[in-house]
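Undergrad: Take a look at my_file03.cif, mmCIF, C-alpha atoms:
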data_work
#
loop_
_atom_site.label_atom_id
_atom_site.label_comp_id
_atom_site.auth_asym_id
_atom_site.auth_seq_id
_atom_site.Cartn_x
_atom_site.Cartn_y
_atom_site.Cartn_z
CA MET A 1 -7.41 77.20 -36.08
CA LYS A 2 -9.23 74.37 -34.33
CA GLN A 3 -12.41 75.23 -32.44
CA ILE A 4 -13.83 74.00 -29.15
CA SER A 5 -17.44 74.16 -28.07
CA TYR A 6 -17.94 76.25 -24.94
CA VAL A 7 -21.16 77.83 -23.75
CA LEU A 8 -21.09 80.13 -20.76
CA LYS A 9 -24.39 80.14 -18.93
CA GLU A 10 -24.47 81.69 -15.49
CA ASP A 11 -26.17 84.44 -13.54
CA VAL A 12 -24.13 87.63 -13.51
CA PRO A 13 -24.39 90.01 -10.54
CA LEU A 14 -25.58 93.51 -11.39
CA ALA A 15 -22.77 95.45 -9.74
CA ALA A 16 -24.04 98.96 -10.47
CA GLU A 17 -26.69 101.01 -12.23
CA THR A 18 -25.90 104.44 -13.57
CA GLU A 19 -27.08 107.05 -16.03
CA ILE A 20 -23.89 107.09 -18.09
CA LEU A 21 -21.26 104.36 -18.37
CA VAL A 22 -17.86 105.17 -19.89
CA ILE A 23 -15.66 102.22 -20.83
CA GLY A 24 -11.97 103.09 -20.97
CA ALA A 25 -10.09 105.70 -18.92
CA GLY A 26 -7.72 107.07 -21.53
CA PRO A 27 -7.88 110.75 -22.58
CA GLY A 28 -11.21 110.29 -24.37
CA GLY A 29 -12.84 108.38 -21.54
CA LEU A 30 -11.40 110.72 -18.92
CA CYS A 31 -12.85 113.80 -20.62
CA ALA A 32 -16.17 112.13 -21.40
CA ALA A 33 -16.67 111.07 -17.79
CA VAL A 34 -15.58 114.39 -16.27
CA THR A 35 -17.74 116.44 -18.65
CA ALA A 36 -20.89 114.42 -17.98
CA ALA A 37 -20.29 114.37 -14.22
CA ARG A 38 -19.66 118.12 -14.04
CA ARG A 39 -22.96 118.50 -15.86
CA GLY A 40 -24.55 116.85 -12.83
CA ARG A 41 -25.11 113.38 -14.26
CA GLN A 42 -24.48 110.05 -12.55
CA VAL A 43 -21.38 108.59 -14.23
CA ALA A 44 -19.50 105.32 -13.86
CA LEU A 45 -16.17 104.62 -15.55
CA ALA A 46 -14.86 101.08 -16.09
CA GLU A 47 -11.16 100.57 -16.83
CA HIS A 48 -9.09 97.47 -17.65
CA TYR A 49 -6.01 98.69 -15.75
CA GLY A 50 -5.78 99.77 -12.12
CA SER A 51 -5.39 103.46 -12.93
CA PRO A 52 -6.57 106.05 -15.48
CA GLY A 53 -4.68 107.95 -18.16
CA GLY A 54 -4.61 105.36 -20.93
CA MET A 55 -1.48 105.42 -23.05
CA ALA A 56 -0.27 108.59 -21.34
CA ASN A 57 0.12 106.28 -18.36
CA VAL A 58 0.75 102.67 -19.39
CA GLY A 59 2.09 103.63 -22.82
CA GLU A 60 4.74 106.08 -21.57
CA ILE A 61 3.61 108.57 -24.24
CA SER A 62 5.37 111.93 -23.96
CA PRO A 63 5.17 114.63 -25.07
CA PHE A 64 1.59 115.15 -26.23
CA MET A 65 1.49 116.31 -29.84
CA PRO A 66 0.55 119.93 -30.63
CA ASN A 67 -2.96 120.91 -31.72
CA HIS A 68 -2.87 124.69 -31.84
CA CYS A 69 -4.14 127.35 -34.22
CA SER A 70 -2.44 130.75 -34.33
CA GLY A 71 -0.84 129.90 -30.99
CA GLU A 72 -4.16 129.08 -29.32
CA CYS A 73 -5.01 125.67 -27.85
CA LEU A 74 -7.87 124.07 -29.80
CA ASP A 75 -8.76 121.59 -27.07
CA ARG A 76 -10.15 123.60 -24.20
CA PRO A 77 -11.10 123.24 -21.43
CA LEU A 78 -10.27 119.77 -20.10
CA TYR A 79 -7.07 119.02 -22.00
CA PRO A 80 -5.15 122.10 -20.70
CA GLU A 81 -6.64 121.54 -17.25
CA TRP A 82 -5.24 118.00 -17.27
CA LEU A 83 -1.81 119.31 -18.32
CA ASN A 84 -1.83 121.99 -15.64
CA ARG A 85 -2.80 119.49 -12.95
CA MET A 86 0.05 117.21 -14.03
CA ARG A 87 2.51 120.00 -13.25
CA SER A 88 1.59 119.88 -9.57
CA TYR A 89 3.26 116.46 -9.42
CA ARG A 90 6.55 117.67 -10.92
CA SER A 91 9.53 118.70 -8.84
CA LEU A 92 10.50 122.37 -8.78
CA PRO A 93 13.87 121.65 -10.48
CA ALA A 94 12.03 119.82 -13.26
CA ILE A 95 9.64 122.72 -13.78
CA ALA A 96 12.56 125.15 -13.84
CA ASN A 97 14.40 123.00 -16.40
CA ARG A 98 12.32 124.19 -19.36
CA HIS A 99 14.40 124.01 -22.49
CA SER A 100 12.35 123.09 -25.57
CA GLU A 101 9.12 123.86 -27.41
CA TRP A 102 7.71 120.57 -26.13
CA ASP A 103 8.02 121.42 -22.44
CA GLY A 104 4.42 122.47 -21.95
CA ARG A 105 3.25 119.09 -23.24
CA THR A 106 5.99 116.88 -21.77
CA VAL A 107 4.37 114.58 -19.25
CA SER A 108 5.26 112.06 -16.59
CA ARG A 109 3.16 108.91 -16.77
CA TYR A 110 2.63 109.11 -13.03
CA GLY A 111 1.61 112.75 -13.16
CA ALA A 112 -0.81 111.97 -15.99
CA MET A 113 -2.31 109.12 -13.98
CA LEU A 114 -2.66 111.04 -10.71
CA ALA A 115 -4.00 114.20 -12.33
CA ALA A 116 -6.58 112.17 -14.27
CA GLU A 117 -7.75 110.44 -11.11
CA ASP A 118 -7.95 113.78 -9.29
CA MET A 119 -10.27 115.13 -11.98
CA LEU A 120 -12.47 112.03 -11.98
CA LEU A 121 -12.85 111.81 -8.21
CA GLU A 122 -13.48 115.52 -7.79
CA ALA A 123 -16.22 115.32 -10.44
CA GLY A 124 -17.90 112.47 -8.57
CA VAL A 125 -17.29 109.73 -11.14
CA LYS A 126 -17.64 106.19 -9.75
CA LEU A 127 -14.47 104.33 -10.73
CA HIS A 128 -14.42 100.61 -11.51
CA TYR A 129 -10.78 99.60 -12.07
CA HIS A 130 -9.67 96.10 -13.10
CA HIS A 131 -12.84 95.74 -15.16
CA THR A 132 -12.16 94.23 -18.60
CA PHE A 133 -14.96 94.47 -21.16
CA PHE A 134 -16.39 91.01 -21.83
CA ASP A 135 -19.85 91.24 -23.40
CA LEU A 136 -23.10 93.18 -23.46
CA ARG A 137 -26.85 92.71 -23.55
CA LYS A 138 -29.07 94.46 -26.07
CA GLU A 139 -32.81 94.92 -26.25
CA ASP A 140 -34.63 96.65 -29.12
CA GLY A 141 -31.43 98.14 -30.51
CA SER A 142 -30.25 99.53 -27.18
CA ILE A 143 -27.49 98.32 -24.86
CA THR A 144 -29.04 97.47 -21.50
CA ASP A 145 -26.10 95.98 -19.61
CA VAL A 146 -22.35 95.82 -20.12
CA ILE A 147 -20.60 92.77 -18.71
CA PHE A 148 -17.05 92.88 -17.39
CA HIS A 149 -14.55 90.28 -16.25
CA GLY A 150 -12.34 90.74 -13.22
CA LYS A 151 -10.87 88.94 -10.23
CA SER A 152 -14.35 88.43 -8.81
CA GLY A 153 -15.60 86.88 -12.05
CA LEU A 154 -18.26 88.38 -14.28
CA ARG A 155 -20.25 91.43 -13.23
CA ALA A 156 -22.62 93.75 -15.06
CA ILE A 157 -23.19 97.49 -15.06
CA ARG A 158 -26.51 98.88 -16.32
CA ALA A 159 -26.66 102.31 -17.93
CA LYS A 160 -28.95 104.56 -19.95
CA ILE A 161 -26.12 105.80 -22.18
CA VAL A 162 -22.90 103.91 -22.98
CA ILE A 163 -19.71 105.59 -24.19
CA ASP A 164 -17.11 103.37 -25.87
CA ALA A 165 -13.72 104.88 -25.03
CA THR A 166 -11.75 101.65 -25.50
CA GLY A 167 -9.82 103.09 -28.45
CA ASP A 168 -10.34 99.86 -30.37
CA GLY A 169 -14.14 100.16 -30.53
CA ASP A 170 -14.51 96.88 -28.63
CA VAL A 171 -17.97 97.69 -27.26
CA ALA A 172 -19.27 99.08 -30.55
CA ALA A 173 -18.03 96.07 -32.51
CA ARG A 174 -19.63 93.66 -30.05
CA ALA A 175 -22.87 95.63 -30.34
CA GLY A 176 -22.85 95.03 -34.09
CA CYS A 177 -21.66 98.43 -35.33
CA ARG A 178 -19.98 98.56 -38.72
CA PHE A 179 -16.35 99.64 -38.89
CA GLU A 180 -13.35 100.12 -41.15
CA PHE A 181 -9.91 98.73 -40.40
CA GLY A 182 -6.49 99.78 -41.63
CA ASN A 183 -5.56 101.02 -45.09
CA SER A 184 -6.58 99.70 -48.51
CA GLU A 185 -4.30 96.69 -47.98
CA GLY A 186 -5.77 95.93 -44.56
CA TYR A 187 -2.73 97.10 -42.58
CA CYS A 188 -2.96 99.51 -39.65
CA GLN A 189 -0.31 102.04 -38.75
CA PRO A 190 2.62 100.36 -36.98
CA MET A 191 2.76 99.82 -33.24
CA THR A 192 5.47 101.37 -31.07
CA LEU A 193 6.85 100.60 -27.62
CA CYS A 194 8.07 103.82 -25.99
CA PHE A 195 10.92 103.98 -23.51
CA LYS A 196 13.09 106.49 -21.65
CA LEU A 197 16.81 106.47 -20.92
CA CYS A 198 18.51 108.28 -18.03
CA ASN A 199 22.16 109.11 -17.27
CA VAL A 200 22.37 110.76 -20.69
CA ASP A 201 24.87 113.58 -21.13
CA LYS A 202 22.73 115.92 -23.22
CA ASN A 203 25.57 118.39 -23.67
CA ARG A 204 27.48 115.78 -25.69
CA MET A 205 24.54 114.46 -27.72
CA PRO A 206 24.93 114.94 -31.48
CA PRO A 207 22.20 116.73 -33.47
CA ARG A 208 19.20 114.66 -34.55
CA GLN A 209 20.40 114.15 -38.11
CA GLU A 210 23.77 112.85 -36.91
CA ILE A 211 22.12 110.32 -34.59
CA THR A 212 19.93 109.19 -37.49
CA ALA A 213 22.99 108.87 -39.75
CA LEU A 214 24.69 106.64 -37.17
CA TYR A 215 21.47 104.62 -36.82
CA LEU A 216 21.16 104.07 -40.57
CA LYS A 217 24.78 102.93 -40.68
CA ALA A 218 24.09 100.46 -37.85
CA LYS A 219 20.97 99.23 -39.67
CA GLU A 220 22.91 98.67 -42.88
CA ALA A 221 25.51 96.68 -40.94
CA GLY A 222 22.76 94.52 -39.42
CA ARG A 223 23.21 95.71 -35.84
CA ILE A 224 19.60 96.96 -35.63
CA ASP A 225 16.53 95.41 -37.23
CA CYS A 226 13.86 98.12 -37.21
CA PRO A 227 11.86 99.45 -40.19
CA ARG A 228 11.78 103.04 -38.92
CA GLU A 229 13.65 105.51 -41.12
CA ASP A 230 15.09 107.66 -38.31
CA VAL A 231 15.52 107.91 -34.55
CA LEU A 232 12.56 109.75 -33.04
CA TRP A 233 13.39 111.11 -29.60
CA PHE A 234 12.15 113.91 -27.37
CA ASP A 235 13.75 115.85 -24.56
CA ASP A 236 12.46 115.46 -21.00
CA PHE A 237 12.19 117.73 -17.97
CA ASP A 238 14.81 115.72 -16.13
CA SER A 239 18.27 116.93 -17.03
CA ASP A 240 19.56 113.46 -17.97
CA VAL A 241 16.46 111.78 -19.48
CA ILE A 242 15.56 111.27 -23.15
CA HIS A 243 12.29 109.77 -24.39
CA PHE A 244 12.30 107.44 -27.43
CA ASN A 245 9.33 106.83 -29.71
CA THR A 246 11.33 104.93 -32.27
CA THR A 247 10.55 101.21 -32.24
CA ARG A 248 8.29 100.11 -35.10
CA VAL A 249 6.32 96.88 -35.55
CA VAL A 250 4.56 96.58 -38.90
CA LYS A 251 1.99 94.20 -40.42
CA HIS A 252 0.68 93.03 -37.05
CA ASN A 253 -3.02 93.07 -36.19
CA PRO A 254 -3.68 95.06 -32.98
CA LEU A 255 -6.95 93.16 -32.54
CA ASP A 256 -5.31 89.72 -32.54
CA ALA A 257 -3.92 88.56 -29.19
CA GLU A 258 -1.14 86.47 -30.75
CA ASP A 259 -0.10 89.31 -33.05
CA LEU A 260 -0.07 91.68 -30.08
CA SER A 261 2.05 89.26 -28.08
CA ASP A 262 4.49 88.90 -30.96
CA ALA A 263 4.58 92.69 -31.41
CA GLU A 264 5.57 93.19 -27.77
CA ILE A 265 8.46 90.73 -28.18
CA ILE A 266 9.65 92.31 -31.43
CA ALA A 267 9.49 95.82 -29.95
CA ARG A 268 11.52 94.83 -26.89
CA ARG A 269 14.05 93.13 -29.15
CA GLN A 270 14.39 96.44 -30.99
CA LEU A 271 14.69 98.27 -27.66
CA ARG A 272 17.64 96.06 -26.65
CA ALA A 273 19.33 96.77 -29.97
CA PHE A 274 18.75 100.52 -29.64
CA LEU A 275 20.15 100.53 -26.11
CA LYS A 276 23.31 98.74 -27.26
CA PHE A 277 23.66 101.00 -30.30
CA LEU A 278 23.23 104.20 -28.32
CA ARG A 279 25.69 103.16 -25.59
CA GLU A 280 28.36 102.01 -28.02
CA GLU A 281 28.02 104.40 -30.96
CA VAL A 282 26.40 107.69 -29.90
CA PRO A 283 28.29 110.25 -27.77
CA GLY A 284 26.54 111.15 -24.53
CA PHE A 285 24.90 107.74 -24.12
CA GLU A 286 27.91 105.78 -22.86
CA ARG A 287 26.46 105.51 -19.32
CA ALA A 288 22.79 105.49 -20.31
CA GLU A 289 20.41 103.31 -18.30
CA LEU A 290 16.80 102.35 -18.80
CA HIS A 291 14.66 104.87 -16.95
CA SER A 292 11.29 103.34 -17.85
CA VAL A 293 9.60 101.18 -20.48
CA ALA A 294 5.94 101.29 -21.46
CA ALA A 295 3.83 98.61 -19.79
CA ARG A 296 2.30 97.78 -23.15
CA ILE A 297 2.93 98.52 -26.80
CA GLY A 298 1.25 101.57 -28.29
CA VAL A 299 -1.45 101.03 -30.90
CA ARG A 300 -1.93 103.91 -33.33
CA GLU A 301 -4.86 102.50 -35.28
CA SER A 302 -7.39 99.68 -35.20
CA ARG A 303 -11.16 99.82 -35.74
CA ARG A 304 -12.74 103.03 -36.99
CA ILE A 305 -16.42 102.80 -36.06
CA LEU A 306 -18.69 104.11 -38.82
CA GLY A 307 -21.09 106.83 -37.71
CA LYS A 308 -23.97 108.93 -38.96
CA ALA A 309 -21.31 111.13 -40.57
CA PHE A 310 -17.99 110.23 -42.21
CA ILE A 311 -15.06 112.49 -43.08
CA GLY A 312 -11.70 111.86 -44.68
CA ILE A 313 -8.72 113.31 -46.48
CA ARG A 314 -10.93 115.62 -48.56
CA GLU A 315 -12.16 117.36 -45.40
CA PHE A 316 -8.54 117.81 -44.32
CA GLU A 317 -7.59 119.31 -47.68
CA THR A 318 -10.60 121.66 -47.76
CA ARG A 319 -10.35 122.61 -44.06
CA ALA A 320 -14.00 121.58 -43.70
CA LYS A 321 -16.25 123.24 -41.10
CA PHE A 322 -19.62 121.99 -39.83
CA PRO A 323 -22.59 123.54 -37.99
CA ASP A 324 -22.36 120.63 -35.54
CA GLY A 325 -18.57 120.59 -35.31
CA ILE A 326 -17.46 119.20 -31.93
CA ALA A 327 -13.67 119.43 -32.27
CA ARG A 328 -11.09 121.38 -34.25
CA VAL A 329 -7.85 119.83 -35.48
CA ASN A 330 -4.68 121.42 -36.83
CA TYR A 331 -2.39 118.40 -36.33
CA PRO A 332 -0.97 117.10 -39.64
CA ILE A 333 -1.67 113.95 -41.56
CA ASP A 334 0.92 111.71 -39.89
CA ILE A 335 0.88 108.22 -41.41
CA HIS A 336 3.65 105.97 -40.14
CA ASN A 337 4.10 103.49 -42.98
CA PRO A 338 1.97 100.42 -42.13
CA SER A 339 4.26 98.20 -44.22
CA GLY A 340 7.78 99.41 -43.51
CA SER A 341 9.90 102.54 -43.61
CA GLY A 342 8.79 106.13 -44.06
CA THR A 343 6.26 108.59 -42.63
CA ASP A 344 3.73 110.58 -44.67
CA LEU A 345 3.47 114.09 -43.17
CA ARG A 346 1.10 116.74 -44.60
CA HIS A 347 0.72 119.94 -42.61
CA LEU A 348 -1.90 122.65 -42.37
CA SER A 349 -0.67 126.20 -41.93
CA GLU A 350 -0.61 127.46 -38.34
CA ASP A 351 -3.88 129.40 -38.76
CA GLU A 352 -5.91 126.57 -40.36
CA TYR A 353 -7.97 123.70 -38.99
CA TYR A 354 -10.76 121.32 -39.92
CA GLU A 355 -13.71 120.28 -37.78
CA ILE A 356 -15.11 116.90 -36.78
CA PRO A 357 -18.93 116.79 -36.95
CA TYR A 358 -21.05 115.26 -34.21
CA GLY A 359 -22.24 112.42 -36.45
CA CYS A 360 -18.72 110.95 -36.49
CA ILE A 361 -19.18 109.79 -32.87
CA VAL A 362 -22.77 108.50 -33.27
CA PRO A 363 -22.89 104.95 -34.69
CA PRO A 364 -26.24 104.04 -36.27
CA GLY A 365 -28.08 100.93 -35.18
CA VAL A 366 -27.35 101.16 -31.44
CA SER A 367 -29.57 103.85 -29.98
CA ASN A 368 -27.70 104.64 -26.75
CA LEU A 369 -24.04 104.36 -27.81
CA LEU A 370 -21.43 107.06 -28.40
CA ILE A 371 -17.74 106.80 -29.35
CA ALA A 372 -15.01 108.72 -27.52
CA GLY A 373 -11.44 108.28 -28.67
CA ARG A 374 -9.40 107.63 -31.79
CA GLY A 375 -11.76 105.04 -33.31
CA ILE A 376 -14.36 107.40 -34.79
CA SER A 377 -15.92 107.62 -38.26
CA VAL A 378 -13.01 108.85 -40.39
CA ASP A 379 -10.85 107.35 -43.12
CA HIS A 380 -7.35 105.91 -42.70
CA ALA A 381 -5.58 109.13 -43.70
CA LEU A 382 -7.58 111.56 -41.56
CA HIS A 383 -7.38 109.17 -38.64
CA SER A 384 -3.62 109.80 -38.56
CA SER A 385 -4.36 113.46 -37.82
CA MET A 386 -7.14 113.25 -35.21
CA ARG A 387 -5.82 110.22 -33.28
CA VAL A 388 -3.41 112.16 -31.04
CA MET A 389 -4.32 112.95 -27.45
CA PRO A 390 -5.39 116.63 -27.54
CA PRO A 391 -8.20 116.22 -30.13
CA VAL A 392 -9.15 112.91 -28.50
CA CYS A 393 -9.78 114.92 -25.31
CA SER A 394 -12.11 117.23 -27.26
CA ILE A 395 -13.92 114.28 -28.80
CA GLY A 396 -14.30 112.77 -25.34
CA GLN A 397 -15.76 115.91 -23.80
CA ALA A 398 -18.22 116.14 -26.73
CA ALA A 399 -19.32 112.54 -26.13
CA GLY A 400 -19.74 113.26 -22.42
CA MET A 401 -21.77 116.40 -23.09
CA ALA A 402 -23.96 114.58 -25.63
CA ALA A 403 -24.58 111.74 -23.18
CA ALA A 404 -25.54 114.18 -20.43
CA MET A 405 -27.89 116.08 -22.73
CA ALA A 406 -29.51 112.85 -23.92
CA VAL A 407 -30.22 111.85 -20.32
CA GLU A 408 -31.62 115.28 -19.54
CA LYS A 409 -33.84 115.34 -22.62
CA GLN A 410 -34.72 111.63 -22.32
CA CYS A 411 -33.80 111.10 -25.96
CA ARG A 412 -31.39 109.06 -28.03
CA PRO A 413 -28.00 110.64 -28.79
CA GLU A 414 -28.79 110.59 -32.51
CA GLU A 415 -31.86 112.74 -31.82
CA LEU A 416 -29.82 115.58 -30.34
CA ASN A 417 -29.47 118.77 -32.33
CA GLY A 418 -25.76 118.93 -33.16
CA ALA A 419 -25.74 122.73 -33.30
CA GLU A 420 -27.28 122.83 -29.81
CA LEU A 421 -24.59 120.41 -28.59
CA ARG A 422 -21.93 122.66 -30.08
CA ALA A 423 -23.43 125.65 -28.25
CA GLU A 424 -23.40 123.76 -24.94
CA LEU A 425 -19.76 122.80 -25.52
CA LYS A 426 -18.88 126.45 -26.15
CA GLU A 427 -20.63 127.37 -22.91
CA PHE A 428 -18.54 124.65 -21.20
CA GLY A 429 -15.39 126.35 -22.50
CA ALA A 430 -14.66 124.49 -25.74
CA ASN A 431 -12.80 126.33 -28.49
CA LEU A 432 -15.53 126.16 -31.14
#
With the file now loaded, output its structure as structure tokens.
TA:
Amino acid sequence: MKQISYVLKEDVPLAAETEILVIGAGPGGLCAAVTAARRGRQVALAEHYGSPGGMANVGEISPFMPNHCSGECLDRPLYPEWLNRMRSYRSLPAIANRHSEWDGRTVSRYGAMLAAEDMLLEAGVKLHYHHTFFDLRKEDGSITDVIFHGKSGLRAIRAKIVIDATGDGDVAARAGCRFEFGNSEGYCQPMTLCFKLCNVDKNRMPPRQEITALYLKAKEAGRIDCPREDVLWFDDFDSDVIHFNTTRVVKHNPLDAEDLSDAEIIARRQLRAFLKFLREEVPGFERAELHSVAARIGVRESRRILGKAFIGIREFETRAKFPDGIARVNYPIDIHNPSGSGTDLRHLSEDEYYEIPYGCIVPPGVSNLLIAGRGISVDHALHSSMRVMPPVCSIGQAAGMAAAMAVEKQCRPEELNGAELRAELKEFGANL
């Protein structure tokens, strides 16, 4: 690619100063900000979009995946609080229409957004929407200012502790942190554009395996071009709505703007083909209409920022526990084939879990940075287990608690005693 020479040199207004700055308002950023603010700290949250919730909002992700052990939620307290608050935005008929094991975790993007904002505002978090991360300033190994781009140009926010909740580790990478990316071939898990259909006659829908058989027949005939091996769909509260998590875009780099653009186009091409296939070949979908389509494609995996600790598939297999464990995970290894068809699923039994140690969210080399979200210090395989929203909420609340404690103790996050952090999280209500 040809290069141009461009040097940006201008004064940037300092828009705000705060104790803790969280960048990204997805589940990890939400829980980090709320935890630190409820601890009494001054917290600002900067978000690229105009509303919080991350992929539960703009990605149309529903339902949230399960992370339970012996029937008990592993991600207390903020994750179930968020779910419960979402229910206040549902209609009474929708609440009454409970008909599957997923109902408790089935969400509306709008409910997820509004409930998240309720929690943030009630906690006293200062919200900076339409703030896209642009750059940062470092002095003596510490981030002093984070620079954002928006409609008013560039603006900076100064903070004592910075939490990267971008999902892609954008802040950490810019700060010089080391990271891993993808599998051994350099491919990340595929991207997916979620969508919902309405006007579906659920009483006439065939069983899952029959829909998949019809899909595979359509694929073989060339009517659908999608690498996924089956049709992944979930029921919805609304009596005529079905959610689809079934498009698949492989071998595209989620950190490359052109690849992302191409992935969006490919995914919507697949969506059109699925809509035609379902209407013409699957009973119950003859009158189906688009209910909603994600505002952006869903990214399962990108950077994994290396931390003071690193865990992987061995820790999953041995159900590893740690004195400074900050989150517990029972969700399976769930690797959607980065190169094509197939999904690698490896389950724990219902009474087993592994723990994520504090060091996995503490990148060395940047003294005031923490990671909250899917991009923590784990390998490609384990990432497929901890990347889903419930454990990400637990990771976020741990990052928020660590940031608050670091401010209180006037120390670097890496200097915190992980066992003490764990104890504070338990006092906060965490299932540890």
Undergrad: Starting from the PyMOL selection byres ((chain A and resi 138) around 12), expand the selection into actual residues of this file and give them as a list in words.
TA: Asp135, Leu136, Arg137, Glu139, Asp140, Gly141, Ser142, Ile143, Thr144, Asp145, Val146, Ile147, Arg158, Ala159, Lys160, Val162, Val171, Ala172, Arg174, Ala175, Gly176, Gly365, Val366, Ser367, Asn368 and Leu369 of chain A
Undergrad: Step by step, work through what the PyMOL selection byres ((chain A and resi 271-279) around 9) selects in the shown file, and finish by giving those residues as a ChimeraX atom specification.
TA: /A:193-195,197,211,214-215,218,223-225,246-247,266-270,280-290
Undergrad: Those residues with C-alpha atoms, as a compact mmCIF listing (two decimals), in the coordinates of the input please?
TA:
# COMPACT_ATOMS: atom_id res chain seq x y z
CA LEU A 193 6.85 100.60 -27.62
CA CYS A 194 8.07 103.82 -25.99
CA PHE A 195 10.92 103.98 -23.51
CA LEU A 197 16.81 106.47 -20.92
CA ILE A 211 22.12 110.32 -34.59
CA LEU A 214 24.69 106.64 -37.17
CA TYR A 215 21.47 104.62 -36.82
CA ALA A 218 24.09 100.46 -37.85
CA ARG A 223 23.21 95.71 -35.84
CA ILE A 224 19.60 96.96 -35.63
CA ASP A 225 16.53 95.41 -37.23
CA THR A 246 11.33 104.93 -32.27
CA THR A 247 10.55 101.21 -32.24
CA ILE A 266 9.65 92.31 -31.43
CA ALA A 267 9.49 95.82 -29.95
CA ARG A 268 11.52 94.83 -26.89
CA ARG A 269 14.05 93.13 -29.15
CA GLN A 270 14.39 96.44 -30.99
CA GLU A 280 28.36 102.01 -28.02
CA GLU A 281 28.02 104.40 -30.96
CA VAL A 282 26.40 107.69 -29.90
CA PRO A 283 28.29 110.25 -27.77
CA GLY A 284 26.54 111.15 -24.53
CA PHE A 285 24.90 107.74 -24.12
CA GLU A 286 27.91 105.78 -22.86
CA ARG A 287 26.46 105.51 -19.32
CA ALA A 288 22.79 105.49 -20.31
CA GLU A 289 20.41 103.31 -18.30
CA LEU A 290 16.80 102.35 -18.80
Undergrad: With distances taken over only C-alpha atoms, which residue among A:Tyr331, A:Tyr6, A:Tyr187, A:Tyr354 lies nearest Ser385 of chain A?
TA: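 Among A:Tyr331, A:Tyr6, A:Tyr187, A:Tyr354, it is A:Tyr331 that comes nearest to Ser385 of chain A.
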Undergrad: Just say which residues the PyMOL selection byres ((chain A and resi 73-81) around 9) picks in this file, as a ChimeraX atom specification.
TA: /A:27,31,34-35,66-72,82-86,327-330,389-394,397,428-432
Undergrad: Between A:Asp236, A:Glu408, A:Glu117, A:Glu315, which residue has the minimum interatomic distance to Gly54 of chain A, considering all atoms listed in the file?
TA: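 Counting all atoms listed in the file, the residue closest to Gly54 of chain A is A:Glu117.
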Undergrad: Which one is closest to Cys411 of chain A: A:Ala423, A:Ile161, A:Ile333, A:Val362? Count all atoms listed in the file.
TA: A:Ile161
Undergrad: With distances taken over only C-alpha atoms, which of A:Ser349, A:Ala294, A:Ala46, A:Gly340 is nearest to Arg228 of chain A?
TA: A:Gly340
Undergrad: Point out the residue among A:Ile376, A:Leu416, A:Ile297, A:Val125 with the least atom-to-atom distance to Asp324 of chain A, counting all atoms listed in the file.
TA: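 Of the candidates, the smallest distance to Asp324 of chain A is held by A:Leu416.
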Undergrad: Please report the interatomic distance between atom CA of Asp168 of chain A and atom CA of Ala372 of chain A in Å with one decimal.
TA: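 It comes out at 10.4 Å.
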Undergrad: Nearest residue to Lys202 of chain A out of A:Ile4, A:Cys188, A:Ala165, A:Ile242, using all atoms listed in the file?
TA: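 Ranking A:Ile4, A:Cys188, A:Ala165, A:Ile242 by distance to Lys202 of chain A, first place goes to A:Ile242.
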Undergrad: Mind pulling up the distance from atom CA of Glu350 of chain A to atom CA of Ala32 of chain A?
TA: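 Computing it gives 27.6 Å between the two atoms.
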Undergrad: Using all atoms of segment 285-303 of chain A that appear in the file, construct an axis-aligned enclosing box with 3 Å of padding on every side and provide its centre coordinates and edge lengths in Å, rounded to one decimal, as JSON.
TA:
{"center_x": 8.4, "center_y": 102.8, "center_z": -26.3, "size_x": 45.1, "size_y": 16.0, "size_z": 24.8}
Undergrad: Would you compute the distance between atom CA of Gly375 of chain A and atom CA of Met191 of chain A? Give it in Å to one decimal.
TA: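 Here the two named atoms are 15.4 Å from each other.
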Undergrad: Give me the residues within 7 Å of segment 229-233 of chain A as a ChimeraX atom specification, counting all atoms listed in the file and dropping any in the same chain fewer than 2 places off.
TA: /A:212,227,235,242-246,341-342
Undergrad: Quick one: residues within 12 Å of Leu120 of chain A, all atoms listed in the file, excluding same-chain residues fewer than 4 positions away - as a PyMOL selection string?
TA: chain A and resi 22+25-27+29-38+43-46+51-53+78+82+113-116+124-128
Undergrad: Which polymer residues have any atom within 8 Å of an atom of segment 316-322 of chain A, counting all atoms listed in the file, with same-chain residues fewer than 5 positions away left out, as a PyMOL selection string?
TA: chain A and resi 352-357+382
Undergrad: Any idea what's packed within 9 Å of His380 of chain A, counting all atoms listed in the file, ignoring anything in its chain fewer than 3 positions away? Could you give it as a compact mmCIF listing (two decimals) with C-alpha atoms, in the frame of the given file?
TA:
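Listed below is the output, around.txt:
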# COMPACT_ATOMS: atom_id res chain seq x y z
CA GLU A 180 -13.35 100.12 -41.15
CA PHE A 181 -9.91 98.73 -40.40
CA GLY A 182 -6.49 99.78 -41.63
CA ASN A 183 -5.56 101.02 -45.09
CA SER A 184 -6.58 99.70 -48.51
CA CYS A 188 -2.96 99.51 -39.65
CA GLN A 189 -0.31 102.04 -38.75
CA GLU A 301 -4.86 102.50 -35.28
CA ARG A 304 -12.74 103.03 -36.99
CA GLY A 312 -11.70 111.86 -44.68
CA ILE A 313 -8.72 113.31 -46.48
CA ILE A 335 0.88 108.22 -41.41
CA HIS A 383 -7.38 109.17 -38.64
CA SER A 384 -3.62 109.80 -38.56
